[in-house]
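Trainee: Below is the structure I would like to discuss, written out as structure tokens.
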Amino acid sequence: MPESTYLLNPFIPSIVASIVGAVLLGFIGLRTNKSPILLFVAGAISGAIGANLFTAPLNYCMFQADQSNDDVIVGWILVALGATLLIWIVSVVAQRYVKGLPLFPRGEYVAGAFQGRHALLNALLVLSPTLLILIFFVYIPFFDTFRLSTFLARFGTPRTAFICVDNFSRLLSDEAYHMNLYLSFVFSAFIILFTMSTALLIAVMANQPIKGAKIYRTLLIWPYAVSPIVAGSIFQLMLSQESGVINQFITTFGFEKVSWLTTVTPARFSVIVASVWNIIGFNILFYIAGLQNVPKDVLEAASIDGANAWQRFWRITFPLLSPFTFFLVVTNTVYAFFDTFGLIFVLTRGGPTESTFTAMYRIYVQGILGNDIGKSTAQSLVLFLIVIGITIFQFRFANRNVHYGN
Amino acid sequence: MKRFAVVFVLLAVLVAAFPVTSQEECTAESPCELTTWIAFSDHRLDWAVDTANRFNELYPEYNVTVISVADYDTIVNNYTLAREEGDYPEIVQLFDAALQFAIDSDWFDYAADIVGDREEVLGQPVNFDDIIPVIANYYTVEGRWAGVAWNTSTPIMYYNMDLLGEVGITEAPETWGDVLAACEALQPLVDAGELSACASWPFSAWFIEQWTAQHGEFMVNNGNGRDERATESVIADNNAFREIAQFYRDLYENDYFIYEGLDNWGPTTQNFATQAVAIHMSSSAGARGITEQAAEAGFNLLTAPMVYNEEYGWNGNILGGATMWVSNGLSEEVRDGAMAFLLFFSNTENSASWHNASGYVPVRQSSIELLQSLEEDNGIAWDIPSASRVDLPEGDYYEQNPNFLTASIQLGNSPVNNATLGSTYGTFQQARPIYNGAIEEYMLNGGDLDAIVEAADAAMTEQLQEYNFLFAD
């Protein structure tokens with residue numbers, strides 16, 4: 001540990017994390033009465049190591065005396081993240097241990113086509129094109145993001161400056177950023193809700209035995225083939241205050257023109273509607289596929305038993321669609337948080353008065369347009385953690401409510 | 001083992017297929033490549049490709065390839081990455097806001113250093129004094145000619161004189177006060193439903209910079225970053241920024257101005273072309289398109305210099321647009337070829353043709369003179385549909401097209417000083433959304449102008465100091 005005076009001694013978070021780890025794992029041991037002491041120790045060690053997982057590589061800079069209180073808070077968050085990660089991994093192993101399973105899954109999965117002496121080598125050879133692309137274009141940039149987020153950095157500068165967790169801690173007191181995050185959440189909620197309810201409605205209609213159903217279905221999927229930038233341009237033309245077709249349309253019915261893109265509420269509404277339009281084809285596609293897999297005999301049986309159309313849909317079809325619904329919630333979440341910035345760029349540039357400035361759009365503006373790489377990578381990590389958190393929550397929820405047939 | 005041998009052989013073949021070559025000399029048999037990145041993709045790209053081909057015919061030992069890169073911002077980003085990869089174009093178009101980047105990066109050879117004391121490069125005359133002073137000075141760094149001017153523009157007014165004439169206005173409004181008065185006069189037409197509003201123009205940071213220069217004020221300290229490296233924003237220290245905010249507020253509050261969103265250019269031009277508004281402001285580079293649209297709609301178009309704040313007088317305008325830079329690290333032969341191409345690209349004739357093709361101002365005085373006394377078979381005009389050069393009518397081009405002269409007059413009359421040279425600082429492009437957003441906020445919501453300006457000023461200074469920290473010697 002470096003010689004330096006600390007605002008908070010790095011031992012303290014380690015001790016706290018190891019106590020938490022010990023209690024949690026010790027609890028598993030006590031409950032099942034299987035070597036509680038061993039689990040207690042494992043929990044303490046994993047907590048202690050986890051606490052240092054992210055802070056040690058940064059040399060505990062965030063706890064040093066010249067840092068602000070916000071930096072210490074970020075330090076605690078890093079300690080919590082590292083400890084949670086490691087304690088979770090160890091607890092998964094511990095759960096297997098108390099159930100008497102081998103500690104690491106082995107031979108539980110069905111062996112594939114690769115067997116024999118060079119099985120692993122052959123498998124890797126076949127996988128290598130994909131793996132190489134993933135390593136160079138996903139994993140290396142991903143880990144580089146961690147590094148860059150602790151720097152004051154721009155492309156093309158002769159040097160960079162290590163600034164510890166400043167890029168993160170400044171976000172704690174940045175009210176504009178809190179607003180960006182809030183908007184991301186609100187937009188995502190509306191986008192997911194509108195997209196999925198409308199898509200389900202349309203899919204049910206398109207799934208009726210009508211003439212030309214196949215053509216309808218194909219046409220309904222088309223918007224998904226349009227990139228967000230192009231979708232934005234289309235909506236921009238339609239929503240223009242003076243020359244837009246939407247305002248032309250509503251004025252023929254005697255309504256006032258609406259400033260769709262330059263007043264706060266209509267601009268937010270426009271961004272949400274354009275995003276929904278862009279992703280809805282994808283949702284319809286999956287729901288139609290799902291609807292075609294709903295067994296007809298079950299529905300017929302329900303019919304004979306006197307269930308009306310609404311009951312059949314709500315009690316049979318909708319629960320049977322739950323795997324599709326779950327999948328779509330997850331992908332739509334990712335879309336709403338990460339992929340709508342291009343559309344916002346074209347449609348509103350985050351305006352008016354930053355009322356459509358989402359967290360992802362800020363990353364784009366600051367990182368790509370502003371070349372402020374350090375700050376934008378820090379923000380992208382924050383957003384990444386948030387979306388991971390939401391996804392974990394969704395999976396937990398799904399475990400209880402999604403039915404996969406068998 | 002056999003399988004691995006096959007893979008190894010395949011890899012070897014792949015490597016052999018892409019040999020690493022190094023060229024010693026430029027000859028007609030194996031010409032030296034001069035890759036040129038520009039930010040245009042429309043008929044302006046066609047013009048550039050055509051002109052490059054003309055150069056290639058004259059100089060078979062070189063091969064200029066013009067490549068279209070999405071936009072100005074993307075060029076800067078892509079060039080930065082290309083430099084870090086070590087495989088970069090010989091010539092690149094950089095916009096005005098990237099000037100400090102071009103200086104700080106140390107990736108370019110300045111034109112003055114390539115030319116030296118030669119009067120021509122590979123037969124292409126230099127004739128630096130022929131370049132219009134405010135343009136030449138913009139791209140002069142530490143007394144040395146740095147980038148070669150190509151596409152230069154300036155904001156100008158576009159008036160629908162038929163609509164203005166209906167309310168008795170026959171002269172083009174010159175000042176902010178004139179615009180507000182014209183808008184008041186036009187209000188009966190708006191009330192009658194004949195007009196949607198008085199004015200509509202893009203809400204662009206560029207206009208804020210221009211108006212600041214007109215006030216004779218700076219955006220950043222140290223002489224707008226021209227005397228020494230700028231270290232902080234000064235928008236809160238002078239009245240220009242507050243005046244601009246108030247002008248927008250006056251326009252907006254009175255419903256004179258149709259606001260189409262931040263940096264949203266297309267719909268505002270549309271508003272003017274469809275006669276929904278009578279007053280428009282845009283880049284002089286839009287002159288050709290707007291003239292054609294006005295002719296199609298059948299109204300009388302008049303262009304005029306950008307309006308100014310009468311309380312502060314007119315201190316001149318800044319140029320806008322972009323300029324061509326030669327990458328450093330090239331062999332002398334390639335470097336001279338690049339310079340010869342750029343001199344050819346912006347010579348008297350080509351600069352005149354470029355003006356006709358795009359609406360950007362001719363960067364040379366001699367080009368203006370050429371356009372004023374055109375002869376037969378001049379091959380100056382650019383025909384967009386056929387993407388080829390055709391003849392302009394004989395005689396004085398500007399007499400036939402008075403709307404095209406406005407930009408040249410505005411730039412020609414602009415005195416050269418640190419305000420009209422425009423600011424240069426490392427975070428120019430990054431700062432634009434800050435002050436554009438600040439003015440937008442005040443225009444839409446009013447409120448405490450001082451607080452808004454102070455906040456924008458502080459944000460700009462913080463960014464700039466971080467940038468400087470990374471570049472400081």
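Residues are referred to by chain and number: the chain letter is A, B, ... according to the order shown in the structure tokens, the number counts from 1 in that chain, and ligands are numbered separately from 1 in the order shown.
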Would you mind writing down, as a ChimeraX atom specification, each residue of region 287-367 of chain B that DSSP on the backbone assigns to alpha helix (DSSP H)?
Mentor: /B:287-297,332-345,348-358,365-367
Trainee: Pull out every residue of chain B sitting within 8 Å of chain A, counting only C-alpha atoms, and send them as a ChimeraX atom specification.
Mentor: /B:73,77,80-81,84,105,196,259-263,267,270-271,276,427,429-430,437,440-441,466,470-471
Trainee: The selected residues should be written to file as a compact mmCIF listing (two decimals), in the first residue's frame (atoms: N, CA and C atoms).
Mentor:
```
# COMPACT_ATOMS: atom_id res chain seq x y z
N ASP B 73 -17.13 17.16 -38.95
CA ASP B 73 -16.73 16.55 -37.68
C ASP B 73 -16.09 15.19 -37.90
N ASN B 77 -12.38 13.48 -36.85
CA ASN B 77 -12.26 12.24 -36.08
C ASN B 77 -11.53 11.16 -36.88
N THR B 80 -7.84 11.85 -37.32
CA THR B 80 -7.11 11.59 -36.08
C THR B 80 -6.82 10.09 -35.94
N LEU B 81 -7.84 9.29 -36.20
CA LEU B 81 -7.65 7.84 -36.10
C LEU B 81 -6.67 7.35 -37.17
N GLU B 84 -3.21 7.95 -36.13
CA GLU B 84 -2.74 7.01 -35.11
C GLU B 84 -2.46 5.64 -35.72
N SER B 105 -2.01 19.71 -33.45
CA SER B 105 -1.72 18.31 -33.72
C SER B 105 -0.32 18.12 -34.28
N SER B 196 -46.86 32.78 -42.63
CA SER B 196 -46.88 32.09 -41.33
C SER B 196 -46.20 32.92 -40.26
N TYR B 259 -39.03 28.96 -35.13
CA TYR B 259 -37.88 28.20 -34.63
C TYR B 259 -38.06 26.73 -35.02
N GLU B 260 -37.12 26.20 -35.79
CA GLU B 260 -37.24 24.80 -36.25
C GLU B 260 -36.28 23.86 -35.52
N GLY B 261 -35.69 24.33 -34.43
CA GLY B 261 -34.81 23.42 -33.67
C GLY B 261 -33.34 23.72 -33.88
N LEU B 262 -32.53 23.18 -32.97
CA LEU B 262 -31.09 23.42 -33.00
C LEU B 262 -30.47 22.90 -34.30
N ASP B 263 -29.71 23.74 -34.97
CA ASP B 263 -28.95 23.32 -36.15
C ASP B 263 -29.78 22.60 -37.20
N PRO B 267 -35.56 22.69 -42.95
CA PRO B 267 -36.92 23.23 -42.89
C PRO B 267 -36.97 24.76 -42.96
N GLN B 270 -36.81 25.71 -46.45
CA GLN B 270 -38.10 25.32 -46.99
C GLN B 270 -39.16 26.38 -46.69
N ASN B 271 -39.15 26.88 -45.45
CA ASN B 271 -40.10 27.91 -45.06
C ASN B 271 -39.98 29.14 -45.94
N ALA B 276 -43.54 30.90 -46.78
CA ALA B 276 -44.19 30.94 -45.46
C ALA B 276 -43.61 32.07 -44.63
N THR B 427 -11.26 23.79 -28.21
CA THR B 427 -12.55 23.17 -27.99
C THR B 427 -13.66 23.91 -28.73
N GLN B 429 -15.33 23.38 -31.48
CA GLN B 429 -16.48 22.59 -31.90
C GLN B 429 -17.27 22.07 -30.69
N GLN B 430 -16.54 21.76 -29.63
CA GLN B 430 -17.18 21.23 -28.42
C GLN B 430 -17.96 22.33 -27.72
N GLY B 437 -26.95 26.48 -27.07
CA GLY B 437 -27.98 26.05 -26.12
C GLY B 437 -28.37 27.16 -25.15
N GLU B 440 -30.58 29.50 -26.96
CA GLU B 440 -31.86 28.85 -27.16
C GLU B 440 -32.71 28.92 -25.90
N GLU B 441 -32.07 28.63 -24.77
CA GLU B 441 -32.79 28.63 -23.51
C GLU B 441 -33.41 30.01 -23.23
N GLU B 466 -9.15 22.12 -19.81
CA GLU B 466 -8.80 20.69 -19.87
C GLU B 466 -8.05 20.38 -21.17
N LEU B 470 -3.89 19.21 -21.78
CA LEU B 470 -3.37 18.05 -22.52
C LEU B 470 -2.37 18.47 -23.61
N PHE B 471 -2.40 19.75 -23.99
CA PHE B 471 -1.52 20.19 -25.07
C PHE B 471 -0.39 21.09 -24.59
```
Trainee: Can you pull out every residue within 9 Å of Tyr79 (chain B), counting only C-alpha atoms, but drop anything in the same chain fewer than 6 positions away, and send it as a list in words?
Mentor: Trp37, Tyr88, Pro89 and Val92 of chain B
Trainee: Quick one: pull the distance between CA of Leu200 (chain A) and CA of Leu320 (chain A), Å, one decimal.
Mentor: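 A separation of 13.0 Å between them.
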Trainee: Do a neighbour search on region 36-40 of chain A at 12 Å with only C-alpha atoms, toss out local chain neighbours closer than 5 positions, and write the hits as a JSON list (two decimals) with C-alpha atoms, in the first residue's frame.
Mentor:
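Below is the file part_38.json, written as the result:
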```json
[["chain", "number", "residue", "atom", "x", "y", "z"],
["A", 18, "SER", "CA", -15.33, -8.98, 4.28],
["A", 19, "ILE", "CA", -17.79, -8.77, 7.19],
["A", 20, "VAL", "CA", -20.68, -8.54, 4.72],
["A", 21, "GLY", "CA", -19.30, -11.47, 2.72],
["A", 22, "ALA", "CA", -18.75, -13.55, 5.86],
["A", 23, "VAL", "CA", -22.27, -12.90, 7.15],
["A", 24, "LEU", "CA", -23.93, -13.69, 3.82],
["A", 25, "LEU", "CA", -22.07, -16.91, 3.16],
["A", 26, "GLY", "CA", -22.02, -17.91, 6.79],
["A", 27, "PHE", "CA", -25.79, -17.60, 6.69],
["A", 28, "ILE", "CA", -25.97, -20.11, 3.84],
["A", 29, "GLY", "CA", -23.80, -22.46, 5.88],
["A", 30, "LEU", "CA", -25.87, -22.04, 9.04],
["A", 31, "ARG", "CA", -29.15, -22.51, 7.23],
["A", 45, "ILE", "CA", -11.98, -13.62, 1.84],
["A", 46, "SER", "CA", -14.13, -13.03, -1.23],
["A", 47, "GLY", "CA", -15.50, -9.83, 0.30],
["A", 87, "ILE", "CA", -19.34, -12.71, -3.20],
["A", 90, "VAL", "CA", -18.45, -17.56, -4.47],
["A", 91, "SER", "CA", -22.04, -17.90, -3.27],
["A", 92, "VAL", "CA", -23.01, -19.65, -6.52],
["A", 93, "VAL", "CA", -20.18, -22.10, -5.92],
["A", 94, "ALA", "CA", -21.20, -22.40, -2.27],
["A", 95, "GLN", "CA", -24.79, -23.18, -3.22],
["A", 97, "TYR", "CA", -21.34, -27.17, -2.47],
["A", 98, "VAL", "CA", -24.17, -27.32, 0.05]]
```
Trainee: Between A:Asn283, A:Thr340, A:Asn33, A:Asn401, which has the minimum distance to Leu328 (chain A) (counting only C-alpha atoms)?
Mentor: A:Asn283
Trainee: So which bits of region 264-328 of chain B end up strand (DSSP E or B) when you DSSP the backbone, as a list of chain:residue names?
Mentor: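 Of region 264-328 of chain B, the ones in strand (DSSP E or B) are B:Ile279, B:His280, B:Met281, B:Ser282, B:Ser283, B:Leu301, B:Leu302, B:Thr303, B:Ala304, B:Pro305, B:Tyr308, B:Gly320, B:Gly321, B:Ala322, B:Thr323, B:Met324, B:Trp325, B:Val326, B:Ser327.
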Trainee: With C-alpha atoms retained, export the selected residues as a short mmCIF file (atom, residue, chain, number, x, y, z; two decimals), in the first residue's frame.
Mentor:
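Output (out29.cif):
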```cif
data_model
loop_
_atom_site.label_atom_id
_atom_site.label_comp_id
_atom_site.auth_asym_id
_atom_site.auth_seq_id
_atom_site.Cartn_x
_atom_site.Cartn_y
_atom_site.Cartn_z
CA ILE B 279 -36.87 36.84 -44.30
CA HIS B 280 -34.23 34.13 -44.22
CA MET B 281 -30.59 34.01 -43.27
CA SER B 282 -28.20 31.30 -44.36
CA SER B 283 -24.75 30.58 -45.65
CA LEU B 301 -35.25 37.26 -54.28
CA LEU B 302 -32.75 39.75 -52.94
CA THR B 303 -29.62 38.84 -51.01
CA ALA B 304 -28.01 41.33 -48.66
CA PRO B 305 -25.23 41.39 -46.06
CA TYR B 308 -26.03 43.86 -37.61
CA GLY B 320 -16.82 30.24 -42.70
CA GLY B 321 -16.23 27.02 -44.55
CA ALA B 322 -13.14 24.92 -44.78
CA THR B 323 -9.64 24.79 -46.11
CA MET B 324 -7.23 22.22 -47.48
CA TRP B 325 -4.28 20.97 -45.45
CA VAL B 326 -1.28 18.92 -46.57
CA SER B 327 -0.27 16.13 -44.20
#
```
Trainee: Show me, as number ranges by chain, the residues that have an atom within 6 Å of Ala52 (chain B) when counting only C-alpha atoms, minus same-chain residues fewer than 3 positions from it.
Mentor: B: 49, 55, 64
Trainee: Using only C-alpha atoms, which of A:Phe142, A:Phe151, A:Trp88, A:Phe54 sits nearest Leu381 (chain A)?
Mentor: A:Phe142
Trainee: Give the answer as one residue: which of B:Glu292, B:Asp396, B:Asp450, B:Asp113 has the shortest atom-to-atom distance to Glu332 (chain B), using only C-alpha atoms?
Mentor: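 Distance minimum relative to Glu332 (chain B) lands on B:Asp113.
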Trainee: Set the distance at 7 Å and use only C-alpha atoms: which residues neighbour Val74 (chain A) once local chain neighbours fewer than 4 positions away are removed? I'd like the list as a VMD selection string.
Mentor: chain A and resid 70 78 168 to 169
Trainee: What does the file look like for those residues with C-alpha atoms, as a CSV table (one decimal), in the first residue's frame?
Mentor:
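The resulting file, result_15.csv, is reproduced below:
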```csv
chain,number,residue,atom,x,y,z
A,70,ASP,CA,-17.6,12.6,-4.0
A,78,LEU,CA,-16.5,0.5,-6.6
A,168,PHE,CA,-17.3,9.5,-12.2
A,169,SER,CA,-17.5,11.6,-9.1
```
Trainee: If you measure from CA of Tyr138 (chain B) to CA of Ala112 (chain B), what distance in Å do you get, rounded to one decimal?
Mentor: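 Rounded to one decimal, the two atoms are 14.1 Å apart.
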